[in-house]
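**Student:** Sharing run-v2.csv below, CSV, C-alpha atoms:
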chain,number,residue,atom,x,y,z
D,1,MET,CA,3.6,-53.7,-16.4
D,2,ILE,CA,4.1,-50.6,-14.2
D,3,ASN,CA,7.5,-50.3,-12.7
D,4,LEU,CA,7.0,-48.8,-9.3
D,5,ASP,CA,10.6,-47.9,-8.9
D,6,GLN,CA,10.5,-45.7,-12.0
D,7,VAL,CA,7.3,-44.1,-10.9
D,8,PHE,CA,8.7,-43.3,-7.5
D,9,ARG,CA,12.0,-42.0,-9.0
D,10,GLY,CA,10.0,-39.9,-11.5
D,11,THR,CA,7.9,-38.5,-8.7
D,12,VAL,CA,10.9,-37.6,-6.6
D,13,GLU,CA,12.6,-35.9,-9.6
D,14,PHE,CA,9.5,-33.9,-10.4
D,15,CYS,CA,9.1,-32.8,-6.8
D,16,PHE,CA,12.8,-31.9,-6.5
D,17,ALA,CA,12.7,-29.9,-9.8
D,18,GLY,CA,9.5,-28.1,-8.8
D,19,ALA,CA,10.9,-27.2,-5.3
D,20,VAL,CA,14.2,-25.9,-6.7
D,21,PHE,CA,12.5,-23.8,-9.3
D,22,GLY,CA,10.1,-22.6,-6.6
D,23,CYS,CA,12.9,-21.4,-4.4
D,24,LEU,CA,14.4,-19.6,-7.4
D,25,TYR,CA,11.0,-18.1,-8.1
D,26,MET,CA,10.7,-16.8,-4.6
D,27,ALA,CA,14.1,-15.2,-4.8
D,28,LEU,CA,13.0,-13.4,-7.9
D,29,ALA,CA,9.7,-12.4,-6.2
D,30,CYS,CA,11.7,-10.9,-3.3
D,31,ALA,CA,13.8,-8.8,-5.7
D,32,LEU,CA,10.9,-7.5,-7.7
D,33,THR,CA,8.8,-6.8,-4.5
D,34,LEU,CA,11.6,-4.6,-3.1
D,35,ARG,CA,11.8,-2.7,-6.4
D,36,PHE,CA,8.1,-2.4,-7.0
D,37,GLY,CA,6.9,1.2,-7.3
D,38,GLN,CA,10.4,2.7,-7.4
D,39,ARG,CA,9.6,4.4,-10.7
D,40,ARG,CA,6.3,5.9,-9.8
D,41,ARG,CA,5.4,8.6,-12.2
D,42,GLU,CA,4.9,12.2,-11.1
D,43,GLY,CA,1.3,13.0,-10.1
D,44,THR,CA,-0.9,15.0,-12.4
D,45,GLY,CA,-2.7,16.9,-9.7
D,46,ALA,CA,-5.5,15.0,-8.1
D,47,GLY,CA,-4.8,16.9,-5.0
D,48,ASN,CA,-5.4,20.2,-6.8
D,49,ASP,CA,-8.8,21.7,-6.3
D,50,LYS,CA,-9.0,22.8,-10.0
D,51,LEU,CA,-8.0,19.4,-11.4
D,52,SER,CA,-9.8,17.1,-8.9
D,53,PRO,CA,-13.2,15.9,-10.3
D,54,PRO,CA,-16.1,15.0,-7.9
D,55,VAL,CA,-16.2,11.3,-7.2
D,56,THR,CA,-18.8,8.7,-6.2
D,57,LEU,CA,-17.5,5.8,-4.1
D,58,LEU,CA,-19.6,2.7,-4.5
D,59,VAL,CA,-19.5,0.3,-1.6
D,60,PRO,CA,-21.6,-2.9,-2.0
D,61,LEU,CA,-22.4,-4.4,1.4
D,62,CYS,CA,-23.5,-7.9,2.4
D,63,GLY,CA,-23.9,-9.2,5.9
D,64,HIS,CA,-22.0,-8.7,9.1
D,65,GLU,CA,-18.3,-7.7,8.7
D,66,PRO,CA,-16.0,-7.0,11.6
D,67,GLY,CA,-14.6,-3.5,11.5
D,68,LEU,CA,-17.0,-2.3,8.8
D,69,ALA,CA,-17.8,1.0,10.6
D,70,SER,CA,-14.1,2.0,10.8
D,71,ARG,CA,-13.5,1.2,7.1
D,72,LEU,CA,-16.5,3.2,6.0
D,73,ARG,CA,-15.5,6.1,8.3
D,74,ALA,CA,-12.1,6.1,6.5
D,75,LEU,CA,-13.8,6.4,3.2
D,76,CYS,CA,-15.8,9.3,4.5
D,77,GLY,CA,-12.7,11.0,5.7
D,78,GLN,CA,-10.6,11.2,2.5
D,79,ALA,CA,-8.2,14.1,2.1
D,80,TYR,CA,-9.7,15.0,-1.3
D,81,PRO,CA,-10.5,18.6,-2.3
D,82,ALA,CA,-13.6,17.9,-4.5
D,83,PRO,CA,-17.0,16.6,-3.5
D,84,VAL,CA,-17.1,12.8,-2.6
D,85,GLN,CA,-20.3,10.8,-2.5
D,86,VAL,CA,-20.0,7.6,-0.4
D,87,LEU,CA,-22.8,5.4,-1.6
D,88,CYS,CA,-23.5,2.1,0.2
D,89,GLY,CA,-25.8,-0.5,-1.2
D,90,VAL,CA,-27.6,-3.5,0.2
D,91,SER,CA,-30.1,-5.9,-1.3
D,92,ASP,CA,-31.6,-7.5,1.8
D,93,PRO,CA,-33.8,-5.3,4.1
D,94,GLY,CA,-32.6,-7.4,7.1
D,95,ASP,CA,-28.9,-7.0,6.3
D,96,PRO,CA,-27.0,-6.1,9.5
D,97,ALA,CA,-24.8,-3.7,7.6
D,98,ILE,CA,-27.8,-1.3,7.3
D,99,ALA,CA,-27.6,-0.5,11.0
D,100,VAL,CA,-23.8,0.3,10.7
D,101,VAL,CA,-24.4,2.7,7.9
D,102,ARG,CA,-27.3,4.4,9.6
D,103,ALA,CA,-25.3,4.8,12.8
D,104,LEU,CA,-22.5,6.5,10.8
D,105,ALA,CA,-25.0,8.8,9.0
D,106,VAL,CA,-26.1,10.1,12.5
D,107,GLU,CA,-22.5,10.4,13.7
D,108,LEU,CA,-21.1,12.2,10.6
D,109,PRO,CA,-22.1,15.5,9.0
D,110,PRO,CA,-25.4,15.3,7.0
D,111,GLY,CA,-24.9,13.9,3.5
D,112,THR,CA,-21.5,12.4,4.2
D,113,ILE,CA,-22.7,8.8,3.6
D,114,ASP,CA,-25.7,7.5,1.6
D,115,LEU,CA,-27.5,4.1,1.8
D,116,HIS,CA,-29.5,2.5,-0.9
D,117,LEU,CA,-31.7,-0.6,-0.4
D,118,ASP,CA,-32.8,-2.4,-3.5
D,119,ASP,CA,-33.5,-6.1,-3.8
D,120,ARG,CA,-33.7,-6.3,-7.6
D,121,LEU,CA,-31.5,-9.1,-9.1
D,122,HIS,CA,-29.9,-8.6,-12.5
D,123,GLY,CA,-27.8,-11.8,-12.7
D,124,ARG,CA,-26.2,-14.5,-10.5
D,125,ASN,CA,-23.4,-12.2,-9.4
D,126,LEU,CA,-25.0,-10.6,-6.4
D,127,LYS,CA,-22.3,-8.0,-6.0
D,128,MET,CA,-22.8,-6.8,-9.6
D,129,SER,CA,-26.6,-6.7,-9.0
D,130,ASN,CA,-26.0,-4.5,-6.0
D,131,LEU,CA,-23.7,-2.2,-7.9
D,132,MET,CA,-26.1,-1.9,-10.8
D,133,ASN,CA,-28.9,-0.8,-8.4
D,134,MET,CA,-26.6,1.7,-6.8
D,135,MET,CA,-25.5,3.2,-10.1
D,136,GLU,CA,-28.9,4.8,-10.5
D,137,HIS,CA,-28.1,7.0,-7.5
D,138,ALA,CA,-24.4,7.8,-8.3
D,139,ARG,CA,-24.2,11.6,-8.6
D,140,HIS,CA,-20.7,12.0,-10.1
D,141,ASP,CA,-19.0,10.8,-13.3
D,142,VAL,CA,-15.9,9.5,-11.7
D,143,LEU,CA,-16.8,6.2,-10.1
D,144,VAL,CA,-14.7,4.2,-7.7
D,145,MET,CA,-16.0,0.8,-6.8
D,146,ILE,CA,-14.4,-0.7,-3.6
D,147,ASP,CA,-15.1,-3.9,-1.7
D,148,SER,CA,-16.4,-3.5,1.8
D,149,ASP,CA,-13.6,-5.5,3.3
D,150,ILE,CA,-10.9,-3.1,2.1
D,151,GLU,CA,-9.0,-0.7,4.4
D,152,VAL,CA,-7.7,2.6,3.1
D,153,ASP,CA,-5.8,5.6,4.4
D,154,SER,CA,-6.8,9.3,4.0
D,155,ASN,CA,-4.8,9.7,0.7
D,156,TYR,CA,-6.3,6.7,-1.1
D,157,LEU,CA,-8.8,8.6,-3.3
D,158,ALA,CA,-6.3,11.2,-4.3
D,159,ARG,CA,-3.8,8.6,-5.4
D,160,VAL,CA,-6.3,6.6,-7.3
D,161,VAL,CA,-7.9,9.5,-9.1
D,162,ASP,CA,-4.5,10.9,-9.9
D,163,GLU,CA,-3.8,7.8,-12.1
D,164,LEU,CA,-7.2,8.3,-13.9
D,165,HIS,CA,-6.1,11.7,-15.2
D,166,ASP,CA,-4.1,10.0,-17.9
D,167,PRO,CA,-6.4,9.9,-20.9
D,168,ASP,CA,-5.0,6.5,-21.9
D,169,VAL,CA,-6.0,5.0,-18.6
D,170,GLY,CA,-9.5,3.5,-18.5
D,171,VAL,CA,-9.4,1.8,-15.1
D,172,VAL,CA,-7.3,2.2,-12.0
D,173,THR,CA,-7.0,-0.9,-9.8
D,174,CYS,CA,-5.0,-1.6,-6.6
D,175,LEU,CA,-3.0,-4.4,-5.1
D,176,TYR,CA,-3.8,-5.4,-1.5
D,177,THR,CA,-2.3,-7.0,1.5
D,178,GLY,CA,-4.0,-9.4,4.0
D,179,VAL,CA,-5.1,-8.1,7.4
D,180,ALA,CA,-6.2,-10.7,9.9
D,181,GLU,CA,-9.3,-9.9,11.9
D,182,GLY,CA,-9.7,-13.0,14.1
D,183,GLY,CA,-7.9,-16.1,15.1
D,184,LEU,CA,-5.9,-18.9,13.4
D,185,TRP,CA,-7.9,-19.2,10.2
D,186,ALA,CA,-8.1,-15.5,9.6
D,187,GLN,CA,-4.3,-15.3,10.1
D,188,LEU,CA,-3.8,-18.1,7.6
D,189,SER,CA,-6.1,-16.4,5.1
D,190,ALA,CA,-4.2,-13.1,5.4
D,191,MET,CA,-0.9,-14.9,5.0
D,192,GLY,CA,-2.2,-16.5,1.8
D,193,ILE,CA,-2.7,-13.0,0.4
D,194,ASN,CA,0.6,-11.7,1.5
D,195,LEU,CA,2.8,-14.7,0.6
D,196,GLN,CA,1.0,-16.1,-2.4
D,197,PHE,CA,-1.3,-13.6,-4.1
D,198,LEU,CA,0.7,-10.4,-3.6
D,199,PRO,CA,4.2,-11.5,-4.7
D,200,SER,CA,2.6,-13.5,-7.7
D,201,ALA,CA,0.8,-10.4,-8.8
D,202,ILE,CA,3.9,-8.2,-8.5
D,203,VAL,CA,5.9,-10.7,-10.6
D,204,ALA,CA,3.2,-11.0,-13.2
D,205,ILE,CA,2.7,-7.2,-13.5
D,206,THR,CA,6.5,-6.5,-13.6
D,207,LEU,CA,7.3,-9.1,-16.2
D,208,GLY,CA,4.1,-8.5,-18.2
D,209,LEU,CA,2.8,-12.1,-17.6
D,210,ALA,CA,-0.7,-11.1,-16.6
D,211,ARG,CA,-3.2,-8.2,-17.0
D,212,PRO,CA,-4.9,-8.0,-13.7
D,213,CYS,CA,-7.8,-6.0,-12.4
D,214,PHE,CA,-8.8,-6.4,-8.8
D,215,GLY,CA,-12.1,-5.8,-6.9
D,216,ALA,CA,-10.2,-4.1,-4.1
D,217,THR,CA,-10.6,-0.9,-6.3
D,218,ILE,CA,-12.0,-0.3,-9.7
D,219,ALA,CA,-12.0,3.4,-10.6
D,220,ILE,CA,-13.5,4.3,-13.9
D,221,ARG,CA,-15.1,7.2,-15.7
D,222,ARG,CA,-18.9,6.9,-16.3
D,223,GLU,CA,-18.4,7.3,-20.1
D,224,THR,CA,-15.8,4.5,-20.2
D,225,LEU,CA,-18.2,2.2,-18.3
D,226,ARG,CA,-20.9,3.1,-20.8
D,227,GLU,CA,-18.5,2.4,-23.7
D,228,ILE,CA,-17.8,-1.1,-22.5
D,229,GLY,CA,-21.5,-2.0,-22.1
D,230,GLY,CA,-22.1,-1.1,-18.5
D,231,LEU,CA,-22.1,-3.4,-15.4
D,232,GLY,CA,-24.9,-5.5,-16.8
D,233,ARG,CA,-22.3,-7.1,-19.1
D,234,PHE,CA,-20.7,-8.7,-16.0
D,235,ALA,CA,-23.9,-9.7,-14.1
D,236,ASP,CA,-23.2,-13.5,-14.4
D,237,GLN,CA,-19.4,-13.4,-14.2
D,238,LEU,CA,-17.5,-14.9,-11.2
D,239,TRP,CA,-14.4,-12.8,-12.0
D,240,ASP,CA,-16.2,-9.6,-12.7
D,241,ASP,CA,-13.2,-7.5,-11.8
D,242,TYR,CA,-10.9,-9.3,-14.3
D,243,ALA,CA,-13.6,-9.1,-16.9
D,244,ILE,CA,-14.0,-5.4,-16.5
D,245,GLY,CA,-10.3,-4.9,-16.9
D,246,GLU,CA,-10.3,-7.0,-20.1
D,247,ALA,CA,-13.3,-5.1,-21.5
D,248,VAL,CA,-11.5,-1.8,-20.9
D,249,ARG,CA,-8.3,-3.0,-22.6
D,250,ALA,CA,-10.4,-4.3,-25.5
D,251,ALA,CA,-11.8,-0.7,-25.9
D,252,GLY,CA,-8.2,0.6,-26.3
D,253,TYR,CA,-7.5,1.8,-22.7
D,254,GLN,CA,-4.9,0.8,-20.1
D,255,VAL,CA,-5.4,-0.5,-16.6
D,256,ALA,CA,-3.2,1.3,-14.2
D,257,VAL,CA,-1.9,-0.3,-11.0
D,258,PRO,CA,-0.4,2.4,-8.7
D,259,ALA,CA,2.4,1.6,-6.3
D,260,LEU,CA,0.3,1.1,-3.2
D,261,ALA,CA,-1.4,-1.8,-1.5
D,262,LEU,CA,-4.6,-1.5,0.3
D,263,GLY,CA,-5.6,-3.7,3.3
D,264,HIS,CA,-7.9,-6.7,2.7
D,265,VAL,CA,-9.5,-7.7,6.0
D,266,CYS,CA,-9.7,-11.5,6.4
D,267,ALA,CA,-12.2,-12.7,9.0
D,268,ASP,CA,-12.3,-16.5,8.2
D,269,ALA,CA,-13.8,-18.1,11.3
D,270,SER,CA,-13.2,-21.8,10.4
D,271,ALA,CA,-11.1,-24.2,8.4
D,272,THR,CA,-14.1,-24.7,6.1
D,273,GLU,CA,-14.5,-21.0,5.4
D,274,LEU,CA,-10.8,-20.7,4.7
D,275,HIS,CA,-10.7,-23.6,2.4
D,276,ALA,CA,-13.8,-22.4,0.5
D,277,ARG,CA,-12.1,-19.0,-0.1
D,278,GLN,CA,-8.8,-20.5,-1.2
D,279,LEU,CA,-10.5,-22.9,-3.5
D,280,ARG,CA,-12.6,-20.2,-5.1
D,281,TYR,CA,-9.5,-18.1,-5.7
D,282,ALA,CA,-7.6,-21.1,-7.1
D,283,ARG,CA,-10.4,-22.1,-9.5
D,284,THR,CA,-10.9,-18.6,-10.6
D,285,ILE,CA,-7.2,-18.3,-11.6
D,286,GLY,CA,-7.4,-21.8,-13.2
D,287,ASN,CA,-10.3,-20.7,-15.4
D,288,ILE,CA,-8.6,-17.4,-16.4
D,289,GLU,CA,-5.1,-18.8,-17.0
D,290,PRO,CA,-5.2,-22.6,-17.2
D,291,LEU,CA,-1.6,-23.0,-18.3
D,292,GLY,CA,-0.3,-20.5,-15.8
D,293,HIS,CA,-2.3,-22.1,-13.1
D,294,ALA,CA,-0.7,-25.5,-13.9
D,295,GLY,CA,2.7,-23.9,-13.9
D,296,ALA,CA,2.0,-22.3,-10.5
D,297,VAL,CA,2.8,-25.6,-8.9
D,298,ILE,CA,6.4,-24.2,-8.4
D,299,THR,CA,4.9,-21.6,-6.1
D,300,HIS,CA,4.5,-24.5,-3.6
D,301,PRO,CA,8.1,-25.7,-3.1
D,302,PHE,CA,7.7,-26.6,0.6
D,303,ALA,CA,4.8,-29.0,-0.1
D,304,LEU,CA,6.6,-30.4,-3.2
D,305,ALA,CA,9.7,-31.2,-1.2
D,306,LEU,CA,7.6,-32.9,1.6
D,307,LEU,CA,5.7,-34.9,-1.1
D,308,ALA,CA,9.0,-36.4,-2.2
D,309,VAL,CA,9.7,-37.9,1.2
D,310,PRO,CA,7.4,-40.9,1.1
D,311,PHE,CA,8.5,-41.7,-2.5
D,312,GLY,CA,12.2,-42.1,-1.4
D,313,GLY,CA,13.4,-38.5,-1.3
D,314,GLY,CA,15.0,-39.1,2.1
D,315,SER,CA,17.1,-36.5,3.9
D,316,THR,CA,17.6,-34.5,0.7
D,317,ALA,CA,13.8,-33.9,0.5
D,318,VAL,CA,13.8,-32.8,4.1
D,319,MET,CA,16.7,-30.4,3.6
D,320,LEU,CA,15.0,-29.0,0.5
D,321,ALA,CA,11.8,-28.4,2.5
D,322,LEU,CA,13.7,-26.4,5.0
D,323,VAL,CA,15.3,-24.3,2.3
D,324,ALA,CA,11.9,-23.7,0.8
D,325,LEU,CA,10.6,-22.5,4.2
D,326,ALA,CA,13.6,-20.2,4.5
D,327,CYS,CA,12.9,-18.8,1.1
D,328,ARG,CA,9.2,-18.3,2.0
D,329,ALA,CA,10.3,-16.5,5.2
D,330,GLY,CA,12.6,-14.3,3.2
D,331,LEU,CA,9.8,-13.5,0.8
D,332,GLY,CA,7.6,-12.7,3.8
D,333,ALA,CA,10.2,-10.3,5.1
D,334,ALA,CA,10.5,-8.5,1.8
D,335,ILE,CA,6.7,-8.1,1.6
D,336,ALA,CA,6.6,-6.9,5.2
D,337,TYR,CA,9.4,-4.4,4.6
D,338,ARG,CA,7.9,-3.1,1.3
D,339,PHE,CA,4.3,-2.7,2.5
D,340,GLY,CA,4.8,-2.2,6.3
D,341,ILE,CA,2.8,-5.3,7.4
D,342,GLU,CA,3.4,-7.9,10.1
D,343,ASN,CA,5.3,-11.1,9.2
D,344,ARG,CA,4.3,-14.3,10.9
D,345,TYR,CA,6.9,-17.1,10.6
D,346,ARG,CA,5.5,-19.7,13.0
D,347,LEU,CA,2.5,-20.4,10.7
D,348,LEU,CA,4.4,-20.8,7.5
D,349,PRO,CA,4.4,-24.6,7.3
D,350,LEU,CA,0.7,-24.9,8.0
D,351,ARG,CA,-0.1,-22.0,5.6
D,352,ASP,CA,1.9,-23.6,2.8
D,353,LEU,CA,0.2,-27.0,3.2
D,354,CYS,CA,-3.3,-25.5,3.3
D,355,ALA,CA,-2.6,-23.5,0.1
D,356,PHE,CA,-1.2,-26.6,-1.6
D,357,ALA,CA,-4.3,-28.6,-0.7
D,358,ALA,CA,-6.6,-26.0,-2.2
D,359,TYR,CA,-4.3,-25.8,-5.3
D,360,VAL,CA,-4.5,-29.6,-5.9
D,361,MET,CA,-8.3,-29.7,-5.3
D,362,SER,CA,-8.8,-26.8,-7.8
D,363,PHE,CA,-8.2,-29.2,-10.6
D,364,PHE,CA,-11.0,-31.5,-9.6
D,365,GLY,CA,-14.6,-30.2,-9.8
D,366,GLY,CA,-15.9,-26.9,-10.9
D,367,THR,CA,-18.0,-25.5,-8.1
D,368,VAL,CA,-17.3,-22.5,-5.8
D,369,THR,CA,-18.9,-21.0,-2.7
D,370,TRP,CA,-19.3,-17.3,-2.7
D,371,ARG,CA,-21.1,-15.1,-0.1
D,372,GLY,CA,-22.9,-18.2,1.2
D,373,GLN,CA,-24.1,-19.3,-2.3
D,374,ARG,CA,-22.8,-22.3,-4.2
D,375,TYR,CA,-22.2,-22.1,-7.9
D,376,ARG,CA,-20.9,-24.1,-10.8
D,377,VAL,CA,-18.5,-22.1,-13.0
D,378,ARG,CA,-18.2,-22.4,-16.8
D,379,SER,CA,-14.8,-22.1,-18.4
D,380,ASP,CA,-15.7,-18.5,-19.5
D,381,GLY,CA,-16.4,-17.6,-15.9
D,382,THR,CA,-20.2,-17.6,-16.1
D,383,LEU,CA,-21.9,-18.5,-12.9
D,384,LEU,CA,-24.5,-21.3,-12.9
D,385,GLN,CA,-26.5,-23.0,-10.1
D,386,PRO,CA,-25.0,-26.5,-9.4
D,387,SER,CA,-28.0,-28.1,-10.9
D,388,GLN,CA,-27.7,-26.3,-14.3
As structure tokens - that is how I would like this structure written.

**Tutor:**
Amino acid sequence: MINLDQVFRGTVEFCFAGAVFGCLYMALACALTLRFGQRRREGTGAGNDKLSPPVTLLVPLCGHEPGLASRLRALCGQAYPAPVQVLCGVSDPGDPAIAVVRALAVELPPGTIDLHLDDRLHGRNLKMSNLMNMMEHARHDVLVMIDSDIEVDSNYLARVVDELHDPDVGVVTCLYTGVAEGGLWAQLSAMGINLQFLPSAIVAITLGLARPCFGATIAIRRETLREIGGLGRFADQLWDDYAIGEAVRAAGYQVAVPALALGHVCADASATELHARQLRYARTIGNIEPLGHAGAVITHPFALALLAVPFGGGSTAVMLALVALACRAGLGAAIAYRFGIENRYRLLPLRDLCAFAAYVMSFFGGTVTWRGQRYRVRSDGTLLQPSQ
């Protein structure tokens, strides 16, 4: 017979232990965040005309995105001494992004930005299909793939290509912060990046616990891409960015992560959209690192402490929840200081609870919603239609 008292006591003890370790984890994340990038290596000369190779920037587009014109304009205005081809690609002739690119092409000097329309599909990953179609029109041998929702400054390309000068480096990727473009749900989405993804990535990179590669930037030489089998190898992968990084490492190269963070624009317009995004992220991580994802329960100390309340945690659980919130606020302050972003304290409780709900649900079911399409995901990251 089940002893409910023991079950309740065990639940409270588990929640307390998880919350305490979570607070310690956030203290560690604060320290590592403030130290991140302090030992940046000296540049090899990407800002030098003689050493800077021509670059093709590949920007896959899909649908209406707030602020797209300003982001593309920033890519076209890079302080880079060699030729830069900004190549945008769309797969739908009715895509509203087409009008944005064409308007910029009229505004900017001729040849500054190119648009390629191609509806051929090469797999279930629509972004990879778009990039594969664009590759046929890439003029240069240094390729920088960047998501359309990423903000950059004028030195972005010089910093990234500088890392690629190292012959041991096969890919350069970048961390990113969340930038809210909208109301409550967009703010919560941006906070999720700043308070969950970014510190976790910094801890994992610093301690050697993970080997990331992010779609925010993937800079690669054409010959390296050819060596790992081309983009077609990833045409059915959900985590194409991570898979590219793994393939490059398997070929004997390193993946460099420079000490800068780009801006990832979050424009979630509803709770449903926010939850779908968080669930996709959580299930992606769960498939890549199942044990690490399970252990990531300690990154939700506020929710764990609150969970102990109905099981008899009492005032101790409430106090622990407040301590967890204070630790999260401290982590937010460290992130804001290190990367120069806004810190929003008032939404912390709601953000933490939303993130915990997505985390718990990630263990149940295997479907994700991505770019309006619903997929089932195999354990190896292969995308399938739900009926398959």

**Student:** List as a PyMOL selection string the protein and nucleic acid residues near range 203-209 of chain D, meaning an atom at most 12 Å away when all atoms listed in the file are counted, but skip any in the same chain fewer than 5 places from it.

**Tutor:** chain D and resi 25-39+174-175+196-198+255-259+289+291-292+296+299

**Student:** Report the distance between CA of Leu108 in chain D and CA of Ser70 in chain D in Å, rounded to one decimal place.

**Tutor:**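 Separating CA of Leu108 in chain D from CA of Ser70 in chain D is a distance of 12.4 Å.
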
**Student:** Name all residues at most 10 Å from range 349-357 of chain D (count only C-alpha atoms; drop same-chain ones fewer than 3 positions away) and give them as an MDAnalysis selection string.

**Tutor:** chainID D and resid 185 187:192 195:196 271 274:275 278:279 282 297 299:304 306 321:322 324:325 328 345:346 360:362

**Student:** With only C-alpha atoms as the atoms that count, which of D:Gly111, D:Pro199, D:Gly123, D:Pro96 lies nearest to Leu331 in chain D?

**Tutor:**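 Under the stated criterion, the closest residue is D:Pro199.
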
**Student:** Report, in Å with one decimal, the straight-line distance from CA of Gly170 in chain D to CA of Arg221 in chain D.

**Tutor:**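 Going from CA of Gly170 in chain D over to CA of Arg221 in chain D covers 7.3 Å.
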
**Student:** At a cut-off of 7 Å, using all atoms listed in the file, what residues contact Cys76 in chain D? Leave out same-chain residues fewer than 3 positions from it and give the result as a compact mmCIF listing (two decimals) with C-alpha atoms, in the coordinates of the input.

**Tutor:**
# COMPACT_ATOMS: atom_id res chain seq x y z
CA LEU D 72 -16.50 3.20 6.00
CA ARG D 73 -15.50 6.10 8.30
CA VAL D 86 -20.00 7.60 -0.40
CA THR D 112 -21.50 12.40 4.20
CA ILE D 113 -22.70 8.80 3.60

**Student:** Quote the spacing between CA of Leu143 in chain D and CA of Ile218 in chain D in Å to one decimal place.

**Tutor:**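 One can read the CA of Leu143 in chain D to CA of Ile218 in chain D distance as 8.1 Å.
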
**Student:** Give the answer as one residue: which of D:Gly232, D:Gly366, D:Pro83, D:Gly215 has the shortest atom-to-atom distance to His140 in chain D, using only C-alpha atoms?

**Tutor:**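 Using only C-alpha atoms, His140 in chain D sits closest to D:Pro83.
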
**Student:** Using all atoms listed in the file, which residue out of D:Leu231, D:Leu260, D:Ala267, D:Cys327 lies closest to Asn125 in chain D?

**Tutor:**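 Of D:Leu231, D:Leu260, D:Ala267, D:Cys327, the one nearest Asn125 in chain D is D:Leu231, counting all atoms listed in the file.
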
**Student:** Do a neighbour search on Tyr253 in chain D at 7 Å with only C-alpha atoms, toss out local chain neighbours closer than 2 positions, and write the hits as a ChimeraX atom specification.

**Tutor:** /D:168-170,248-249,251,255

**Student:** I need the residue nearest Ala247 in chain D from this list: D:Glu65, D:Glu342, D:Glu227, D:Glu107. Use all atoms listed in the file for the distance.

**Tutor:** D:Glu227

**Student:** My list of candidates is D:Leu320, D:Val106, D:Asn287, D:Ala219. Which is closest to Phe363 in chain D when distances are computed with all atoms listed in the file?

**Tutor:** D:Asn287

**Student:** Ranking D:Ile193, D:Leu61, D:Leu348, D:Val377 by minimum distance to Arg277 in chain D and counting only C-alpha atoms, which one comes first?

**Tutor:** D:Ile193

**Student:** Which residues are near Glu13 in chain D? Cut-off 9 Å, all atoms listed in the file, ignore same chain within fewer than 5 positions. Put them as a PyMOL selection string.

**Tutor:** chain D and resi 8+18+308+313

**Student:** With 12 Å as the threshold, what does the neighbourhood of (-27.2, -8.9, -12.1) contain in terms of residues, counting only C-alpha atoms? Coordinates are those of the file; answer as JSON, numbers by chain.

**Tutor:** {"D": [91, 119, 120, 121, 122, 123, 124, 125, 126, 127, 128, 129, 130, 131, 132, 133, 134, 230, 231, 232, 233, 234, 235, 236, 237, 238, 240, 382, 383]}

**Student:** Could the residues in this selection be written to a file with C-alpha atoms, as a short mmCIF file (atom, residue, chain, number, x, y, z; two decimals), in the coordinates of the input?

**Tutor:**
data_model
loop_
_atom_site.label_atom_id
_atom_site.label_comp_id
_atom_site.auth_asym_id
_atom_site.auth_seq_id
_atom_site.Cartn_x
_atom_site.Cartn_y
_atom_site.Cartn_z
CA SER D 91 -30.10 -5.90 -1.30
CA ASP D 119 -33.50 -6.10 -3.80
CA ARG D 120 -33.70 -6.30 -7.60
CA LEU D 121 -31.50 -9.10 -9.10
CA HIS D 122 -29.90 -8.60 -12.50
CA GLY D 123 -27.80 -11.80 -12.70
CA ARG D 124 -26.20 -14.50 -10.50
CA ASN D 125 -23.40 -12.20 -9.40
CA LEU D 126 -25.00 -10.60 -6.40
CA LYS D 127 -22.30 -8.00 -6.00
CA MET D 128 -22.80 -6.80 -9.60
CA SER D 129 -26.60 -6.70 -9.00
CA ASN D 130 -26.00 -4.50 -6.00
CA LEU D 131 -23.70 -2.20 -7.90
CA MET D 132 -26.10 -1.90 -10.80
CA ASN D 133 -28.90 -0.80 -8.40
CA MET D 134 -26.60 1.70 -6.80
CA GLY D 230 -22.10 -1.10 -18.50
CA LEU D 231 -22.10 -3.40 -15.40
CA GLY D 232 -24.90 -5.50 -16.80
CA ARG D 233 -22.30 -7.10 -19.10
CA PHE D 234 -20.70 -8.70 -16.00
CA ALA D 235 -23.90 -9.70 -14.10
CA ASP D 236 -23.20 -13.50 -14.40
CA GLN D 237 -19.40 -13.40 -14.20
CA LEU D 238 -17.50 -14.90 -11.20
CA ASP D 240 -16.20 -9.60 -12.70
CA THR D 382 -20.20 -17.60 -16.10
CA LEU D 383 -21.90 -18.50 -12.90
#
